[in-house]
>>> print(open('coords-v4.tsv').read())   # TSV, C-alpha atoms and all ligand atoms
chain	number	residue	atom	x	y	z
U	1	MET	CA	0.00	0.00	0.00
U	2	LYS	CA	1.31	3.50	-0.91
U	3	VAL	CA	0.05	6.35	1.26
U	4	PHE	CA	0.36	10.08	0.50
U	5	ILE	CA	-0.24	12.36	3.48
U	6	LEU	CA	-0.71	16.14	3.28
U	7	THR	CA	-0.51	17.95	6.61
U	8	GLY	CA	-1.30	21.51	7.61
U	9	ALA	CA	-1.12	23.72	10.68
U	10	GLY	CA	-3.85	21.76	12.48
U	11	ILE	CA	-1.56	18.79	13.12
U	12	SER	CA	0.81	21.04	15.08
U	13	ALA	CA	-1.90	23.08	16.83
U	14	GLU	CA	-1.79	20.93	19.99
U	15	SER	CA	1.98	21.39	20.10
U	16	GLY	CA	1.34	25.08	20.59
U	17	ALA	CA	2.18	26.10	17.02
U	18	GLY	CA	-0.44	28.52	15.68
U	19	THR	CA	-2.86	27.98	12.84
U	20	PHE	CA	-3.73	30.58	10.22
U	21	ARG	CA	-7.47	30.72	9.60
U	22	ASP	CA	-8.95	29.77	12.94
U	23	PRO	CA	-10.66	32.63	14.82
U	24	LYS	CA	-7.44	33.26	16.76
U	25	GLY	CA	-5.15	32.26	13.88
U	26	PHE	CA	-2.22	34.25	12.58
U	27	TRP	CA	-4.21	35.78	9.74
U	28	ALA	CA	-6.93	36.93	12.12
U	29	THR	CA	-4.27	38.98	13.93
U	30	PHE	CA	-1.71	39.87	11.26
U	31	ASP	CA	-1.94	40.89	7.60
U	32	PRO	CA	-0.53	38.04	5.45
U	33	MET	CA	0.16	40.49	2.63
U	34	LYS	CA	2.58	42.34	4.93
U	35	LEU	CA	4.17	39.26	6.51
U	36	ALA	CA	3.98	36.45	3.95
U	37	THR	CA	4.78	38.02	0.58
U	38	PRO	CA	8.05	39.09	-1.10
U	39	GLU	CA	6.56	42.59	-1.42
U	40	GLY	CA	5.88	42.75	2.31
U	41	PHE	CA	9.45	41.67	3.03
U	42	ALA	CA	10.87	44.27	0.63
U	43	ALA	CA	8.69	47.00	2.19
U	44	ASP	CA	9.48	46.20	5.83
U	45	PRO	CA	12.01	43.38	6.38
U	46	ASP	CA	12.32	44.13	10.10
U	47	GLN	CA	8.58	43.54	10.65
U	48	VAL	CA	8.73	40.25	8.73
U	49	HIS	CA	11.84	39.12	10.64
U	50	ALA	CA	10.12	39.95	13.95
U	51	PHE	CA	7.11	37.79	13.01
U	52	TYR	CA	9.18	34.75	12.01
U	53	ASN	CA	11.77	35.22	14.81
U	54	ALA	CA	8.95	34.96	17.37
U	55	ARG	CA	7.59	31.80	15.70
U	56	ARG	CA	11.11	30.29	15.50
U	57	ARG	CA	11.72	30.92	19.22
U	58	ASP	CA	8.34	29.29	20.03
U	59	LEU	CA	9.15	26.33	17.80
U	60	LEU	CA	12.42	25.65	19.63
U	61	THR	CA	10.47	25.06	22.85
U	62	ALA	CA	7.57	23.16	21.23
U	63	GLU	CA	7.29	19.36	21.18
U	64	ALA	CA	5.88	16.88	18.67
U	65	ASN	CA	2.49	15.42	19.65
U	66	ASP	CA	0.67	12.07	19.37
U	67	ALA	CA	-0.55	12.93	15.87
U	68	HIS	CA	2.99	13.43	14.56
U	69	ARG	CA	4.06	10.23	16.33
U	70	ALA	CA	1.16	8.24	14.85
U	71	LEU	CA	2.30	9.16	11.32
U	72	THR	CA	5.83	7.99	12.21
U	73	ARG	CA	4.34	4.60	13.19
U	74	LEU	CA	2.52	4.47	9.87
U	75	GLU	CA	5.70	5.28	7.93
U	76	GLN	CA	7.65	2.55	9.76
U	77	ALA	CA	4.94	-0.09	9.21
U	78	LEU	CA	4.55	0.73	5.52
U	79	ILE	CA	8.30	0.58	4.91
U	80	ARG	CA	8.54	-2.75	6.81
U	81	ALA	CA	5.74	-4.13	4.64
U	82	GLY	CA	7.42	-2.96	1.42
U	83	GLY	CA	4.78	-0.26	0.85
U	84	GLY	CA	5.24	3.48	0.30
U	85	PHE	CA	4.85	6.55	2.54
U	86	TRP	CA	5.06	10.15	1.30
U	87	LEU	CA	4.54	12.96	3.78
U	88	CYS	CA	4.11	16.40	2.21
U	89	THR	CA	3.65	19.12	4.80
U	90	GLN	CA	2.58	22.73	4.35
U	91	ASN	CA	4.06	23.37	7.79
U	92	ILE	CA	7.40	25.10	8.27
U	93	ASP	CA	8.03	23.47	11.66
U	94	ASP	CA	10.23	20.41	12.21
U	95	LEU	CA	7.78	18.53	14.43
U	96	HIS	CA	7.28	15.65	11.99
U	97	GLU	CA	11.06	15.13	11.99
U	98	ARG	CA	11.24	15.39	15.76
U	99	ALA	CA	8.53	12.70	15.99
U	100	GLY	CA	10.85	10.44	13.97
U	101	THR	CA	9.30	10.62	10.51
U	102	ARG	CA	12.16	10.18	8.06
U	103	ARG	CA	10.74	11.32	4.76
U	104	VAL	CA	9.19	14.77	5.11
U	105	HIS	CA	8.76	17.14	2.18
U	106	HIS	CA	8.30	20.80	3.20
U	107	MET	CA	6.45	22.29	0.23
U	108	HIS	CA	6.30	25.70	1.97
U	109	GLY	CA	9.88	25.65	3.26
U	110	GLU	CA	11.35	25.45	6.76
U	111	LEU	CA	11.45	28.00	9.56
U	112	LEU	CA	14.74	26.53	10.86
U	113	GLN	CA	16.50	27.37	7.60
U	114	SER	CA	17.49	30.73	6.08
U	115	LEU	CA	17.49	31.65	2.39
U	116	CYS	CA	19.64	34.38	0.87
U	117	ALA	CA	17.64	36.58	-1.52
U	118	HIS	CA	20.93	37.62	-3.14
U	119	CYS	CA	22.50	34.21	-3.94
U	120	GLY	CA	19.85	31.60	-3.08
U	121	GLY	CA	22.14	30.13	-0.42
U	122	LEU	CA	20.40	27.98	2.24
U	123	ALA	CA	21.70	27.55	5.79
U	124	PRO	CA	20.42	26.13	9.09
U	125	CYS	CA	18.90	28.88	11.23
U	126	ARG	CA	17.99	28.41	14.91
U	127	SER	CA	18.36	32.03	16.07
U	128	ASP	CA	16.85	35.40	15.20
U	129	LEU	CA	17.45	36.72	11.70
U	130	SER	CA	17.88	40.42	10.82
U	131	THR	CA	18.84	42.58	7.88
U	132	ALA	CA	22.27	42.99	9.49
U	133	ASP	CA	23.07	39.28	9.14
U	134	ILE	CA	25.63	38.37	6.52
U	135	CYS	CA	25.10	35.41	4.18
U	136	ARG	CA	27.94	32.89	4.66
U	137	ALA	CA	27.68	31.83	1.00
U	138	CYS	CA	27.99	35.22	-0.72
U	139	GLY	CA	29.19	37.46	2.09
U	140	ARG	CA	26.47	40.03	1.53
U	141	ALA	CA	24.11	41.45	4.19
U	142	GLY	CA	20.46	42.42	3.93
U	143	GLY	CA	19.31	39.43	1.88
U	144	LEU	CA	18.74	36.75	4.50
U	145	ARG	CA	15.07	35.72	4.92
U	146	PRO	CA	13.38	32.70	6.44
U	147	ASP	CA	13.31	29.80	3.93
U	148	VAL	CA	9.51	30.09	3.76
U	149	VAL	CA	7.47	30.01	0.54
U	150	TRP	CA	5.32	33.14	0.57
U	151	PHE	CA	2.11	33.92	-1.30
U	152	GLY	CA	2.90	34.39	-4.97
U	153	GLU	CA	5.97	32.14	-4.79
U	154	THR	CA	6.21	28.56	-6.10
U	155	PRO	CA	6.09	25.76	-3.52
U	156	TYR	CA	9.08	23.41	-3.43
U	157	GLY	CA	9.08	20.12	-5.34
U	158	MET	CA	5.76	20.29	-7.15
U	159	GLU	CA	6.83	17.72	-9.75
U	160	GLN	CA	7.87	15.16	-7.13
U	161	ILE	CA	4.70	15.87	-5.18
U	162	GLU	CA	2.44	15.21	-8.15
U	163	GLU	CA	4.39	12.06	-9.10
U	164	ALA	CA	4.03	10.66	-5.57
U	165	LEU	CA	0.40	11.72	-5.31
U	166	VAL	CA	-0.89	10.04	-8.48
U	167	SER	CA	0.94	6.79	-7.68
U	168	ALA	CA	-0.59	6.50	-4.19
U	169	ASP	CA	-3.37	4.13	-3.14
U	170	VAL	CA	-4.54	6.32	-0.26
U	171	PHE	CA	-4.48	10.12	0.15
U	172	ALA	CA	-5.16	11.89	3.44
U	173	ALA	CA	-5.43	15.62	4.15
U	174	ILE	CA	-4.72	16.16	7.85
U	175	GLY	CA	-5.09	19.43	9.80
U	176	THR	CA	-5.49	21.69	6.81
U	177	SER	CA	-8.33	24.02	5.79
U	178	GLY	CA	-7.86	23.13	2.12
U	179	THR	CA	-7.93	26.79	1.13
U	180	VAL	CA	-4.44	27.46	-0.26
U	181	TYR	CA	-3.45	26.14	-3.68
U	182	PRO	CA	-1.75	24.12	-4.99
U	183	ALA	CA	-2.11	21.95	-1.82
U	184	ALA	CA	-5.86	22.55	-1.76
U	185	GLY	CA	-6.09	20.86	-5.16
U	186	PHE	CA	-4.39	17.62	-4.12
U	187	ALA	CA	-7.60	15.93	-2.92
U	188	GLY	CA	-9.33	16.62	-6.24
U	189	LEU	CA	-6.27	15.29	-8.14
U	190	ALA	CA	-6.28	12.13	-6.03
U	191	ARG	CA	-10.02	11.66	-6.48
U	192	ALA	CA	-9.71	12.07	-10.25
U	193	ALA	CA	-6.97	9.41	-10.23
U	194	GLY	CA	-9.32	7.00	-8.44
U	195	ILE	CA	-7.34	7.18	-5.18
U	196	GLU	CA	-9.08	6.61	-1.81
U	197	THR	CA	-9.25	9.97	-0.05
U	198	TRP	CA	-9.52	10.88	3.65
U	199	LEU	CA	-10.10	14.18	5.47
U	200	VAL	CA	-8.78	14.05	9.04
U	201	ASN	CA	-9.44	17.45	10.56
U	202	LEU	CA	-11.13	19.38	13.35
U	203	GLU	CA	-13.68	20.75	10.88
U	204	ILE	CA	-15.14	18.74	8.02
U	205	TYR	CA	-15.48	20.76	4.83
U	206	GLY	CA	-15.54	20.40	1.08
U	207	ALA	CA	-17.90	18.71	-1.29
U	208	SER	CA	-18.68	15.17	-0.12
U	209	TRP	CA	-17.41	13.89	-3.52
U	210	GLU	CA	-13.89	15.06	-2.62
U	211	PHE	CA	-13.32	12.73	0.33
U	212	ASP	CA	-14.35	9.10	0.67
U	213	HIS	CA	-13.78	9.14	4.44
U	214	HIS	CA	-13.91	11.81	7.15
U	215	LEU	CA	-12.54	11.72	10.70
U	216	ALA	CA	-13.50	14.86	12.63
U	217	GLY	CA	-11.72	15.84	15.81
U	218	ARG	CA	-8.49	17.05	17.36
U	219	ALA	CA	-5.44	15.64	15.59
U	220	THR	CA	-4.05	13.92	18.69
U	221	GLN	CA	-7.32	11.95	18.89
U	222	VAL	CA	-8.22	11.28	15.26
U	223	VAL	CA	-4.80	10.80	13.61
U	224	PRO	CA	-3.95	7.75	15.78
U	225	GLU	CA	-7.43	6.42	14.91
U	226	PHE	CA	-6.75	6.99	11.20
U	227	VAL	CA	-3.37	5.22	11.48
U	228	THR	CA	-4.91	2.27	13.37
U	229	ARG	CA	-7.43	1.80	10.58
U	230	LEU	CA	-4.74	1.83	7.90
U	231	LEU	CA	-2.40	-0.44	9.89
U	232	GLY	CA	-5.21	-2.99	9.96
U	233	ARG	CA	-5.09	-3.10	6.17
U	234	ILE	CA	-1.33	-3.35	5.60
U	301	LIG	N1	-6.65	19.14	15.26
U	301	LIG	C1	-7.03	18.97	13.97
U	301	LIG	N2	-7.31	20.00	13.13
U	301	LIG	C2	-7.20	21.24	13.64
U	301	LIG	C3	-6.82	21.50	14.98
U	301	LIG	C4	-6.53	20.38	15.80
U	301	LIG	N3	-6.17	20.52	17.08
U	301	LIG	N4	-6.82	22.86	15.16
U	301	LIG	C5	-7.18	23.40	13.98
U	301	LIG	N5	-7.42	22.45	13.07
U	301	LIG	C6	-7.82	22.59	11.67
U	301	LIG	C7	-8.71	23.78	11.42
U	301	LIG	O1	-10.08	23.41	11.54
U	301	LIG	C8	-8.35	24.12	9.96
U	301	LIG	O2	-9.20	23.42	9.07
U	301	LIG	O3	-6.64	22.80	10.93
U	301	LIG	C9	-6.92	23.61	9.80
U	301	LIG	C10	-5.89	24.74	9.77
U	301	LIG	O4	-6.14	25.49	8.60
U	301	LIG	P1	-5.22	26.76	8.31
U	301	LIG	O5	-5.09	27.58	9.56
U	301	LIG	O6	-5.77	27.40	7.07
U	301	LIG	O7	-3.78	26.15	8.02
U	301	LIG	P2	-3.28	25.43	6.70
U	301	LIG	O8	-4.40	24.71	6.03
U	301	LIG	O9	-2.07	24.66	7.08
U	301	LIG	O10	-2.84	26.70	5.80
U	301	LIG	C11	-2.22	26.41	4.57
U	301	LIG	O11	-1.76	28.79	4.31
U	301	LIG	O12	-1.02	30.82	5.08
U	301	LIG	C12	-0.67	29.70	4.38
U	301	LIG	O13	1.54	28.96	4.19
U	301	LIG	C13	0.47	28.97	5.08
U	301	LIG	O14	0.94	26.62	5.05
U	301	LIG	C14	-0.06	27.57	5.31
U	301	LIG	C15	-1.20	27.48	4.29
>>> encode(input="coords-v4.tsv", output="structure tokens", more="lines below")
Ligand code: APR
Amino acid sequence: MKVFILTGAGISAESGAGTFRDPKGFWATFDPMKLATPEGFAADPDQVHAFYNARRRDLLTAEANDAHRALTRLEQALIRAGGGFWLCTQNIDDLHERAGTRRVHHMHGELLQSLCAHCGGLAPCRSDLSTADICRACGRAGGLRPDVVWFGETPYGMEQIEEALVSADVFAAIGTSGTVYPAAGFAGLARAAGIETWLVNLEIYGASWEFDHHLAGRATQVVPEFVTRLLGRI
């Protein structure tokens, strides 16, 4: 069995990481156009750095939760059984990795990595970033930004994502509102390819044709349930 999992902010919510579109989510408090676009960064880099520096500091004290750990169990069982496991996350945290999942694709980048706007250089980043920081690759200052894919930019690895998605037997969207493309289109792509689709989320949404199965609840409750059901079929 090959399983493709898409995760969003909801899977990390119980680890204390914020979500975006819940009533108290980031975008209810901050303007995404000012904090999550290249234009916003160009207009006020200090404000953007302050937003991501605060989230990076919070992430360093956060812990993976039972939902992350359940997906690690699923990955291990599928690999042992000669199946396939592909985890594509929209999240920029490293909680899947800290739970032990080995193959994680960050389509929206990683908060614990910096990107140089001048040379494209990537480097690990576990402390605050500022416009004064100098890129180790090109030696220039002022270009370092969080390695985060902003609105209007192209997510990482779209070709590999689509290849893995259409060759899966099961697709699950976990902890995501399904509102931001291209990730929001993955369920429809899977459905069109005849793949079994699951929505595992606090809120159930979307046309009933999009998902064959729904598990509604907090991720730490329903993701282990989802994994138990799949483990019974491996
Ligand atoms: N357990 C399960 N689901 C939860 C929980 C929880 N404890 N808490 C919230 N959720 C659900 C919400 O009901 C919502 O459907 O998680 C979803 C979170 O949706 P968003 O806040 O929109 O986050 P996400 O879908 O990951 O956003 C996608 O938008 O701003 C961009 O780049 C950002 O990657 C992000 C993308």
>>> closest_residue(input="coords-v4.tsv", among="U:Ala62, U:Val170, U:Ala117, U:Ala184", to="Glu196 in chain U", atoms="all atoms listed in the file")
U:Val170
>>> residues_near_ligand(input="coords-v4.tsv", ligand="ligand LIG 301 (chain U)", cutoff="7 Å", atoms="all atoms listed in the file", output="count of residues only")
29
>>> residues_around(input="coords-v4.tsv", residues="Phe51 in chain U", least_positions_apart="3", cutoff="12 Å", atoms="all atoms listed in the file", output="PDB file with C-alpha atoms, in the coordinates of the input")
ATOM      1  CA  PHE U  26      -2.220  34.250  12.580  1.00  0.00           C
ATOM      2  CA  TRP U  27      -4.210  35.780   9.740  1.00  0.00           C
ATOM      3  CA  THR U  29      -4.270  38.980  13.930  1.00  0.00           C
ATOM      4  CA  PHE U  30      -1.710  39.870  11.260  1.00  0.00           C
ATOM      5  CA  ASP U  31      -1.940  40.890   7.600  1.00  0.00           C
ATOM      6  CA  PRO U  32      -0.530  38.040   5.450  1.00  0.00           C
ATOM      7  CA  LYS U  34       2.580  42.340   4.930  1.00  0.00           C
ATOM      8  CA  LEU U  35       4.170  39.260   6.510  1.00  0.00           C
ATOM      9  CA  ALA U  36       3.980  36.450   3.950  1.00  0.00           C
ATOM     10  CA  GLY U  40       5.880  42.750   2.310  1.00  0.00           C
ATOM     11  CA  PHE U  41       9.450  41.670   3.030  1.00  0.00           C
ATOM     12  CA  ASP U  44       9.480  46.200   5.830  1.00  0.00           C
ATOM     13  CA  PRO U  45      12.010  43.380   6.380  1.00  0.00           C
ATOM     14  CA  ASP U  46      12.320  44.130  10.100  1.00  0.00           C
ATOM     15  CA  GLN U  47       8.580  43.540  10.650  1.00  0.00           C
ATOM     16  CA  VAL U  48       8.730  40.250   8.730  1.00  0.00           C
ATOM     17  CA  ALA U  54       8.950  34.960  17.370  1.00  0.00           C
ATOM     18  CA  ARG U  55       7.590  31.800  15.700  1.00  0.00           C
ATOM     19  CA  ARG U  56      11.110  30.290  15.500  1.00  0.00           C
ATOM     20  CA  ARG U  57      11.720  30.920  19.220  1.00  0.00           C
ATOM     21  CA  ASP U  58       8.340  29.290  20.030  1.00  0.00           C
ATOM     22  CA  LEU U 111      11.450  28.000   9.560  1.00  0.00           C
ATOM     23  CA  ASP U 128      16.850  35.400  15.200  1.00  0.00           C
ATOM     24  CA  LEU U 129      17.450  36.720  11.700  1.00  0.00           C
ATOM     25  CA  SER U 130      17.880  40.420  10.820  1.00  0.00           C
ATOM     26  CA  ARG U 145      15.070  35.720   4.920  1.00  0.00           C
ATOM     27  CA  PRO U 146      13.380  32.700   6.440  1.00  0.00           C
TER      28      PRO U 146
END
>>> closest_residue(input="coords-v4.tsv", among="U:Ala17, U:Val149, U:Leu122, U:Leu215", to="Arg136 in chain U", atoms="all atoms listed in the file")
U:Leu122
>>> axis_aligned_box(input="coords-v4.tsv", around="range 88-91 of chain U", padding_each_side="6 Å", output="JSON")
{"center_x": 3.3, "center_y": 19.9, "center_z": 5.0, "size_x": 13.5, "size_y": 19.0, "size_z": 17.6}
>>> atom_distance(input="coords-v4.tsv", atom1="CA of Asp93 in chain U", atom2="CA of Ala64 in chain U")
9.9 Å
>>> atom_distance(input="coords-v4.tsv", atom1="CA of Gly152 in chain U", atom2="CA of Ala190 in chain U")
24.1 Å
>>> residues_around(input="coords-v4.tsv", residues="Ala172 in chain U", least_positions_apart="4", cutoff="12 Å", atoms="all atoms listed in the file", output="count of residues only")
41
>>> closest_residue(input="coords-v4.tsv", among="U:Glu162, U:Gly120, U:Gly100, U:His68", to="Val222 in chain U", atoms="all atoms listed in the file")
U:His68
>>> atom_distance(input="coords-v4.tsv", atom1="CA of Thr101 in chain U", atom2="CA of Ser15 in chain U")
16.2 Å
>>> closest_residue(input="coords-v4.tsv", among="U:Glu110, U:Gln76, U:Ala50, U:Asp147", to="Pro38 in chain U", atoms="all atoms listed in the file")
U:Asp147
>>> closest_residue(input="coords-v4.tsv", among="U:Cys116, U:Ile204, U:Ala99, U:Leu60", to="Ala141 in chain U", atoms="only C-alpha atoms")
U:Cys116
>>> closest_residue(input="coords-v4.tsv", among="U:Arg98, U:Arg126, U:Arg140, U:His105", to="Pro155 in chain U", atoms="all atoms listed in the file")
U:His105
>>> residues_around(input="coords-v4.tsv", residues="Ala77 in chain U", least_positions_apart="4", cutoff="8 Å", atoms="all atoms listed in the file", output="list in words")
Arg73, Ala81, Leu231 and Ile234 of chain U
>>> residues_around(input="coords-v4.tsv", residues="Cys138 in chain U", least_positions_apart="5", cutoff="9 Å", atoms="all atoms listed in the file", output="NGL selection string")
:U and (116 or 118-119 or 121)
>>> decode(input="coords-v4.tsv", residues="range 4-25 of chain U", atoms="N, CA, C and O atoms", output="compact mmCIF listing (two decimals), in the first residue's frame")
# COMPACT_ATOMS: atom_id res chain seq x y z
N PHE U 4 -0.10 8.69 0.63
CA PHE U 4 0.36 10.08 0.50
C PHE U 4 -0.39 10.90 1.54
O PHE U 4 -1.62 10.93 1.57
N ILE U 5 0.37 11.55 2.41
CA ILE U 5 -0.24 12.36 3.48
C ILE U 5 0.08 13.83 3.24
O ILE U 5 1.25 14.17 2.99
N LEU U 6 -0.93 14.68 3.30
CA LEU U 6 -0.71 16.14 3.28
C LEU U 6 -1.08 16.67 4.66
O LEU U 6 -2.20 16.41 5.15
N THR U 7 -0.15 17.37 5.31
CA THR U 7 -0.51 17.95 6.61
C THR U 7 -0.49 19.47 6.55
O THR U 7 0.21 20.08 5.72
N GLY U 8 -1.24 20.05 7.47
CA GLY U 8 -1.30 21.51 7.61
C GLY U 8 -1.19 21.88 9.08
O GLY U 8 -0.96 21.03 9.94
N ALA U 9 -1.38 23.16 9.34
CA ALA U 9 -1.12 23.72 10.68
C ALA U 9 -1.89 23.01 11.79
O ALA U 9 -1.45 22.96 12.94
N GLY U 10 -3.02 22.42 11.47
CA GLY U 10 -3.85 21.76 12.48
C GLY U 10 -3.16 20.60 13.16
O GLY U 10 -3.44 20.30 14.33
N ILE U 11 -2.22 19.93 12.48
CA ILE U 11 -1.56 18.79 13.12
C ILE U 11 -0.57 19.26 14.17
O ILE U 11 -0.24 18.54 15.10
N SER U 12 -0.14 20.51 14.08
CA SER U 12 0.81 21.04 15.08
C SER U 12 0.14 21.95 16.09
O SER U 12 0.78 22.45 17.02
N ALA U 13 -1.19 22.13 15.94
CA ALA U 13 -1.90 23.08 16.83
C ALA U 13 -1.75 22.68 18.29
O ALA U 13 -1.50 23.51 19.17
N GLU U 14 -1.85 21.37 18.59
CA GLU U 14 -1.79 20.93 19.99
C GLU U 14 -0.35 20.90 20.52
O GLU U 14 -0.12 20.61 21.69
N SER U 15 0.60 21.21 19.63
CA SER U 15 1.98 21.39 20.10
C SER U 15 2.24 22.85 20.43
O SER U 15 3.37 23.24 20.78
N GLY U 16 1.20 23.65 20.26
CA GLY U 16 1.34 25.08 20.59
C GLY U 16 1.70 25.94 19.39
O GLY U 16 1.83 27.16 19.51
N ALA U 17 1.89 25.30 18.22
CA ALA U 17 2.18 26.10 17.02
C ALA U 17 0.85 26.69 16.54
O ALA U 17 -0.17 26.02 16.60
N GLY U 18 0.83 27.88 16.07
CA GLY U 18 -0.44 28.52 15.68
C GLY U 18 -0.97 28.00 14.36
O GLY U 18 -0.26 27.38 13.58
N THR U 19 -2.28 28.24 14.16
CA THR U 19 -2.86 27.98 12.84
C THR U 19 -3.11 29.34 12.19
O THR U 19 -2.82 30.37 12.77
N PHE U 20 -3.62 29.32 10.97
CA PHE U 20 -3.73 30.58 10.22
C PHE U 20 -5.14 31.12 10.16
O PHE U 20 -5.36 32.33 10.33
N ARG U 21 -6.12 30.21 9.92
CA ARG U 21 -7.47 30.72 9.60
C ARG U 21 -8.49 30.42 10.69
O ARG U 21 -9.67 30.59 10.50
N ASP U 22 -8.01 29.92 11.82
CA ASP U 22 -8.95 29.77 12.94
C ASP U 22 -9.24 31.17 13.50
O ASP U 22 -8.48 32.11 13.21
N PRO U 23 -10.31 31.29 14.30
CA PRO U 23 -10.66 32.63 14.82
C PRO U 23 -9.50 33.35 15.50
O PRO U 23 -9.38 34.55 15.44
N LYS U 24 -8.60 32.60 16.14
CA LYS U 24 -7.44 33.26 16.76
C LYS U 24 -6.15 32.96 15.98
O LYS U 24 -5.04 33.04 16.51
N GLY U 25 -6.32 32.62 14.70
CA GLY U 25 -5.15 32.26 13.88
C GLY U 25 -4.31 33.46 13.50
O GLY U 25 -4.70 34.61 13.70
